[in-house]
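Visitor: My file is query.pdb. It has PDB, C-alpha atoms:
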ATOM      1  CA  MET Z   1      36.104 119.113 120.786  1.00  0.00           C
ATOM      2  CA  LYS Z   2      34.177 118.859 117.534  1.00  0.00           C
ATOM      3  CA  SER Z   3      33.748 115.494 115.909  1.00  0.00           C
ATOM      4  CA  GLY Z   4      32.940 114.973 112.236  1.00  0.00           C
ATOM      5  CA  LYS Z   5      31.527 111.490 112.826  1.00  0.00           C
ATOM      6  CA  PRO Z   6      29.969 109.842 115.852  1.00  0.00           C
ATOM      7  CA  THR Z   7      32.557 109.116 118.527  1.00  0.00           C
ATOM      8  CA  LEU Z   8      32.086 107.277 121.820  1.00  0.00           C
ATOM      9  CA  LEU Z   9      33.391 109.190 124.819  1.00  0.00           C
ATOM     10  CA  ALA Z  10      33.566 107.986 128.411  1.00  0.00           C
ATOM     11  CA  SER Z  11      34.167 110.346 131.294  1.00  0.00           C
ATOM     12  CA  LEU Z  12      35.505 108.806 134.460  1.00  0.00           C
ATOM     13  CA  SER Z  13      35.916 111.781 136.777  1.00  0.00           C
ATOM     14  CA  ASN Z  14      35.965 115.210 135.096  1.00  0.00           C
ATOM     15  CA  GLY Z  15      32.316 116.179 135.568  1.00  0.00           C
ATOM     16  CA  MET Z  16      31.055 115.186 132.122  1.00  0.00           C
ATOM     17  CA  PRO Z  17      28.227 112.645 131.848  1.00  0.00           C
ATOM     18  CA  PRO Z  18      29.604 109.085 132.206  1.00  0.00           C
ATOM     19  CA  LEU Z  19      28.948 108.162 128.561  1.00  0.00           C
ATOM     20  CA  VAL Z  20      28.458 110.501 125.597  1.00  0.00           C
ATOM     21  CA  MET Z  21      27.865 109.902 121.887  1.00  0.00           C
ATOM     22  CA  THR Z  22      28.627 112.956 119.764  1.00  0.00           C
ATOM     23  CA  ASN Z  23      27.075 113.856 116.430  1.00  0.00           C
ATOM     24  CA  ASN Z  24      28.368 115.917 113.546  1.00  0.00           C
ATOM     25  CA  ASP Z  25      27.523 119.375 114.931  1.00  0.00           C
ATOM     26  CA  GLU Z  26      28.137 118.923 118.649  1.00  0.00           C
ATOM     27  CA  TYR Z  27      30.939 120.504 120.662  1.00  0.00           C
ATOM     28  CA  LEU Z  28      32.258 119.293 123.988  1.00  0.00           C
ATOM     29  CA  MET Z  29      34.346 121.358 126.364  1.00  0.00           C
ATOM     30  CA  GLY Z  30      37.548 119.575 127.402  1.00  0.00           C
ATOM     31  CA  SER Z  31      38.093 115.916 126.795  1.00  0.00           C
ATOM     32  CA  PRO Z  32      36.858 112.776 128.521  1.00  0.00           C
ATOM     33  CA  GLU Z  33      39.406 110.395 130.001  1.00  0.00           C
ATOM     34  CA  LEU Z  34      38.551 107.646 127.489  1.00  0.00           C
ATOM     35  CA  VAL Z  35      37.817 108.189 123.802  1.00  0.00           C
ATOM     36  CA  VAL Z  36      36.924 105.310 121.480  1.00  0.00           C
ATOM     37  CA  GLU Z  37      37.158 106.154 117.777  1.00  0.00           C
ATOM     38  CA  VAL Z  38      35.886 103.505 115.334  1.00  0.00           C
ATOM     39  CA  LEU Z  39      37.550 103.783 111.942  1.00  0.00           C
ATOM     40  CA  SER Z  40      35.515 103.921 108.767  1.00  0.00           C
ATOM     41  CA  PRO Z  41      36.714 103.824 105.147  1.00  0.00           C
ATOM     42  CA  SER Z  42      36.297 107.608 104.895  1.00  0.00           C
ATOM     43  CA  ASN Z  43      38.665 108.376 107.814  1.00  0.00           C
ATOM     44  CA  THR Z  44      42.075 109.780 106.983  1.00  0.00           C
ATOM     45  CA  MET Z  45      45.191 109.310 109.073  1.00  0.00           C
ATOM     46  CA  ASP Z  46      45.434 113.100 109.516  1.00  0.00           C
ATOM     47  CA  GLU Z  47      41.857 113.240 110.798  1.00  0.00           C
ATOM     48  CA  ILE Z  48      42.406 110.490 113.376  1.00  0.00           C
ATOM     49  CA  LEU Z  49      45.765 111.851 114.551  1.00  0.00           C
ATOM     50  CA  GLU Z  50      44.302 115.353 114.871  1.00  0.00           C
ATOM     51  CA  ARG Z  51      41.464 114.045 117.066  1.00  0.00           C
ATOM     52  CA  GLN Z  52      43.907 111.975 119.069  1.00  0.00           C
ATOM     53  CA  ASP Z  53      46.256 114.931 119.619  1.00  0.00           C
ATOM     54  CA  MET Z  54      43.384 117.219 120.595  1.00  0.00           C
ATOM     55  CA  CYS Z  55      41.973 114.723 123.102  1.00  0.00           C
ATOM     56  CA  LEU Z  56      45.306 113.743 124.650  1.00  0.00           C
ATOM     57  CA  ALA Z  57      46.310 117.411 125.003  1.00  0.00           C
ATOM     58  CA  ASN Z  58      43.079 118.154 126.887  1.00  0.00           C
ATOM     59  CA  GLY Z  59      42.903 115.473 129.560  1.00  0.00           C
ATOM     60  CA  CYS Z  60      42.224 112.207 127.774  1.00  0.00           C
ATOM     61  CA  VAL Z  61      44.212 109.375 129.390  1.00  0.00           C
ATOM     62  CA  SER Z  62      43.416 106.679 126.848  1.00  0.00           C
ATOM     63  CA  PHE Z  63      42.528 107.104 123.156  1.00  0.00           C
ATOM     64  CA  TRP Z  64      41.331 103.882 121.528  1.00  0.00           C
ATOM     65  CA  THR Z  65      41.306 103.567 117.745  1.00  0.00           C
ATOM     66  CA  VAL Z  66      39.204 100.563 116.720  1.00  0.00           C
ATOM     67  CA  ASP Z  67      39.975  99.145 113.283  1.00  0.00           C
ATOM     68  CA  PRO Z  68      37.124  96.805 112.244  1.00  0.00           C
ATOM     69  CA  LYS Z  69      38.841  95.801 108.994  1.00  0.00           C
ATOM     70  CA  ARG Z  70      42.009  94.527 110.720  1.00  0.00           C
ATOM     71  CA  GLN Z  71      40.152  93.633 113.943  1.00  0.00           C
ATOM     72  CA  ILE Z  72      42.623  95.459 116.153  1.00  0.00           C
ATOM     73  CA  VAL Z  73      42.430  98.175 118.801  1.00  0.00           C
ATOM     74  CA  MET Z  74      45.249 100.726 119.069  1.00  0.00           C
ATOM     75  CA  VAL Z  75      45.491 102.335 122.508  1.00  0.00           C
ATOM     76  CA  THR Z  76      47.430 105.597 122.784  1.00  0.00           C
ATOM     77  CA  THR Z  77      48.277 107.322 126.067  1.00  0.00           C
ATOM     78  CA  PRO Z  78      49.324 110.951 126.770  1.00  0.00           C
ATOM     79  CA  ASP Z  79      53.016 110.007 126.534  1.00  0.00           C
ATOM     80  CA  ARG Z  80      52.209 109.136 122.888  1.00  0.00           C
ATOM     81  CA  ARG Z  81      52.884 105.441 123.344  1.00  0.00           C
ATOM     82  CA  THR Z  82      50.606 103.241 121.281  1.00  0.00           C
ATOM     83  CA  VAL Z  83      49.995  99.568 121.950  1.00  0.00           C
ATOM     84  CA  VAL Z  84      48.206  97.415 119.369  1.00  0.00           C
ATOM     85  CA  PHE Z  85      45.856  94.709 120.615  1.00  0.00           C
ATOM     86  CA  ASP Z  86      44.630  91.895 118.325  1.00  0.00           C
ATOM     87  CA  ARG Z  87      41.661  89.485 118.606  1.00  0.00           C
ATOM     88  CA  GLN Z  88      43.464  87.304 121.149  1.00  0.00           C
ATOM     89  CA  SER Z  89      44.228  90.242 123.469  1.00  0.00           C
ATOM     90  CA  LEU Z  90      42.670  91.867 126.484  1.00  0.00           C
ATOM     91  CA  VAL Z  91      42.698  95.689 126.538  1.00  0.00           C
ATOM     92  CA  PRO Z  92      43.210  97.024 130.067  1.00  0.00           C
ATOM     93  CA  LEU Z  93      40.790  99.776 131.058  1.00  0.00           C
ATOM     94  CA  PRO Z  94      42.283 103.094 132.206  1.00  0.00           C
ATOM     95  CA  GLU Z  95      42.152 104.067 135.877  1.00  0.00           C
ATOM     96  CA  PRO Z  96      39.945 104.449 137.809  1.00  0.00           C
ATOM     97  CA  LEU Z  97      38.181 101.654 135.933  1.00  0.00           C
ATOM     98  CA  GLU Z  98      39.307  98.142 136.660  1.00  0.00           C
ATOM     99  CA  GLY Z  99      39.526  95.120 134.434  1.00  0.00           C
ATOM    100  CA  SER Z 100      39.856  94.696 130.708  1.00  0.00           C
ATOM    101  CA  ILE Z 101      37.876  94.130 127.523  1.00  0.00           C
ATOM    102  CA  GLU Z 102      38.316  91.063 125.336  1.00  0.00           C
ATOM    103  CA  ILE Z 103      39.041  92.219 121.793  1.00  0.00           C
ATOM    104  CA  ALA Z 104      37.363  89.125 120.327  1.00  0.00           C
ATOM    105  CA  LYS Z 105      34.068  90.301 121.903  1.00  0.00           C
ATOM    106  CA  VAL Z 106      34.463  93.756 120.361  1.00  0.00           C
ATOM    107  CA  PHE Z 107      34.423  92.221 116.903  1.00  0.00           C
ATOM    108  CA  SER Z 108      31.967  89.348 117.482  1.00  0.00           C
ATOM    109  CA  ASP Z 109      28.901  89.280 115.265  1.00  0.00           C
TER     110      ASP Z 109
END
Would you kindly transcribe this structure into structure tokens?

Guide:
Amino acid sequence: MKSGKPTLLASLSNGMPPLVMTNNDEYLMGSPELVVEVLSPSNTMDEILERQDMCLANGCVSFWTVDPKRQIVMVTTPDRRTVVFDRQSLVPLPEPLEGSIEIAKVFSD
């Protein structure tokens, strides 16, 4: 997987390091189980959907798209279902992790 902008990746069981930040010229083999993509004004919908498709097709079980402007997190799973979580929501972590993350804390100053 090649990323044009830094992307946070978390591997839960597939042999990758537990947490990886990628830079512009880095390649990863396969896909971690959890990918968190933070949108920026320069992102295009095609770019995000292409990354999402590539990750979900290669083993990712949860692709999070964080939208700082709207203060929401969109979570997409391999069955292509997307759930939108707002500031008042808790995002459940994918297995084998347990628990959830409060969206309000993601966007706190």

Visitor: Considering all atoms listed in the file, return as a ChimeraX atom specification whatever protein or nucleic-acid residues lie within 9 Å of Thr76 of chain Z, sequence-local ones (same chain, fewer than 4 positions apart) excluded.

Guide: /Z:52,56,61-65,80-84

Visitor: Name all residues at most 8 Å from Cys60 of chain Z (count all atoms listed in the file; drop same-chain ones fewer than 4 positions away) and give them as a ChimeraX atom specification.

Guide: /Z:31-35,55-56,77-78

Visitor: Hey, can you check how far atom CA of Leu49 of chain Z sits from atom CA of Ser100 of chain Z?

Guide: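 Atom-to-atom, atom CA of Leu49 of chain Z and atom CA of Ser100 of chain Z are spaced 24.3 Å apart.
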
Visitor: In Å, rounded to a single decimal, give me how far atom CA of Pro68 of chain Z is from atom CA of Leu90 of chain Z.

Guide: 16.1 Å

Visitor: Report, as lines of an AutoDock Vina configuration file, the axis-aligned box around all atoms of segment 42-59 of chain Z present in the file, extended by 4 Å on each side; give centre and edge lengths in Å to one decimal place.

Guide:
center_x = 41.3
center_y = 112.9
center_z = 117.2
size_x = 18.0
size_y = 18.5
size_z = 32.7
